[in-house]
Amino acid sequence: MENAFVTKGLTKIYRTGETEVRALRGVDLEILDNTVSVMLGASGSGKSTFLNIIGGLDSPTAGQAWFQDQEITALGEAALTHYRRAAIGFVFQFYNLVASLTARENVALVTDIAPDPMSPEAALDLVGLSERADHFTSQLSGGEQQRVAIARAVAKKPNAMLCDEPTGALDSTTGVDVLAALDQVNRELGTIIVMITHNVAIANLGHRVIHFADGQVREVVDNTTRLAPQDIEW
């Protein structure tokens, strides 16, 4: 299986006056194509900073990152914008939906500007929300809103989806529904899923589990006994 993301010596230092925070300390990591990778670690361990850099939202202080044969860390602003728009889908803990729009219209915000999108209806069907397409966000549960956010991210057919605590604001029942949607996107479309979580139980979903601590990758474990989302308990 080929590498999708590769980082070498990835370092990020934030400076405020004389204060210096080393968010990443020389991270070397490979993320495989067509897989689900789960990142675990305490707050401040560097997970989100790493995700933001490989997603083209932030730049490192030192080191390099590649997606397939493209060096992300060498791209200018225009090329980074194209990379984010064409290759990457983002899902965050908070859904960032437009309250005045229906589920279908929220997904269409992406499909209207993507070069080769799936239809909003197809994206919502993929996450099990066909019957809720014309409901406003206030009429949807938290889990349903997060699945709309997943549909919006996947509708432009990205190569990879980067998910930062996608179940963090949900209870276990609705969280399982969200994990099932992400798992289905990976299985049916081959989309790379990279997911940050504080919930150790969710590691059972990943093909690979990546442990961060103090700005470094401390351990990478290949998971040979993956669980289906509905079998994960927390």
# chains A, B, ... in the order shown; residues from 1 in each chain; ligands from 1
>>> residues_around(residues="range 9-23 of chain A", least_positions_apart="4", cutoff="8 Å", atoms="only C-alpha atoms", output="PyMOL selection string")
chain A and resi 27-28+44-46+49+59-65+214-215
>>> closest_atom_pairs(of="range 94-199 of chain A", to="range 72-84 of chain A", cutoff="12 Å", atoms="only C-alpha atoms", output="tab-separated table")
residue	atom	partner	partner_atom	distance
A:Ile113	CA	A:His82	CA	11.6
A:Ala114	CA	A:His82	CA	10.4
A:Pro115	CA	A:His82	CA	10.8
A:Ala153	CA	A:Arg84	CA	11.1
A:Lys156	CA	A:Arg84	CA	10.9
A:Lys157	CA	A:Arg84	CA	11.9
A:Pro158	CA	A:Arg84	CA	9.0
A:Asn159	CA	A:Tyr83	CA	10.3
A:Ala160	CA	A:Arg84	CA	10.0
A:Met161	CA	A:Arg84	CA	10.5
A:Leu162	CA	A:Arg84	CA	10.8
>>> residues_around(residues="range 195-211 of chain A", least_positions_apart="4", cutoff="6 Å", atoms="only C-alpha atoms", output="PDB file with C-alpha atoms, in the first residue's frame")
ATOM      1  CA  VAL A  36      -8.361   5.212   8.379  1.00  0.00           C
ATOM      2  CA  SER A  37      -5.707   6.598  10.738  1.00  0.00           C
ATOM      3  CA  VAL A  38      -6.623   7.527  14.314  1.00  0.00           C
ATOM      4  CA  MET A  39      -4.453   9.991  16.233  1.00  0.00           C
ATOM      5  CA  LEU A  40      -4.429   9.845  20.027  1.00  0.00           C
ATOM      6  CA  GLY A  41      -2.741  12.083  22.566  1.00  0.00           C
ATOM      7  CA  CYS A 163     -11.245  15.168  11.069  1.00  0.00           C
ATOM      8  CA  ASP A 164     -10.460  16.965  14.338  1.00  0.00           C
ATOM      9  CA  GLU A 165     -12.544  15.504  17.199  1.00  0.00           C
ATOM     10  CA  VAL A 217       5.030  10.632  17.484  1.00  0.00           C
ATOM     11  CA  ARG A 218       5.728   8.169  20.275  1.00  0.00           C
ATOM     12  CA  GLU A 219       4.185   5.048  18.754  1.00  0.00           C
ATOM     13  CA  VAL A 220       2.503   3.852  15.550  1.00  0.00           C
ATOM     14  CA  VAL A 221       0.441   0.669  15.795  1.00  0.00           C
ATOM     15  CA  ASP A 222      -1.060  -1.235  12.882  1.00  0.00           C
ATOM     16  CA  ASN A 223      -4.474  -2.499  13.948  1.00  0.00           C
ATOM     17  CA  ARG A 226     -10.513  -3.409  13.617  1.00  0.00           C
ATOM     18  CA  LEU A 227     -14.036  -3.105  15.000  1.00  0.00           C
TER      19      LEU A 227
END
>>> select_by_dssp(residues="range 22-168 of chain A", states="strand (DSSP E)", output="ChimeraX atom specification")
/A:22-32,36-40,62-67,70-71,88-92,160-164
>>> closest_residue(among="A:Ile193, A:Leu97, A:Val110, A:Val148", to="Phe5 in chain A", atoms="only C-alpha atoms")
A:Ile193
>>> residues_around(residues="Ala99 in chain A", least_positions_apart="6", cutoff="10 Å", atoms="only C-alpha atoms", output="tab-separated table (two decimals) with N, CA and C atoms, in the first residue's frame")
chain	number	residue	atom	x	y	z
A	106	ASN	N	-26.60	23.40	2.54
A	106	ASN	CA	-25.28	23.44	3.15
A	106	ASN	C	-24.26	22.64	2.35
A	136	PHE	N	-33.81	22.16	8.08
A	136	PHE	CA	-32.85	23.16	8.53
A	136	PHE	C	-32.04	22.59	9.70
A	137	THR	N	-30.91	23.22	9.99
A	137	THR	CA	-30.03	22.68	11.02
A	137	THR	C	-30.72	22.61	12.38
A	138	SER	N	-31.61	23.56	12.67
A	138	SER	CA	-32.31	23.55	13.96
A	138	SER	C	-33.24	22.35	14.10
A	139	GLN	N	-33.54	21.69	12.98
A	139	GLN	CA	-34.42	20.52	12.98
A	139	GLN	C	-33.63	19.22	13.01
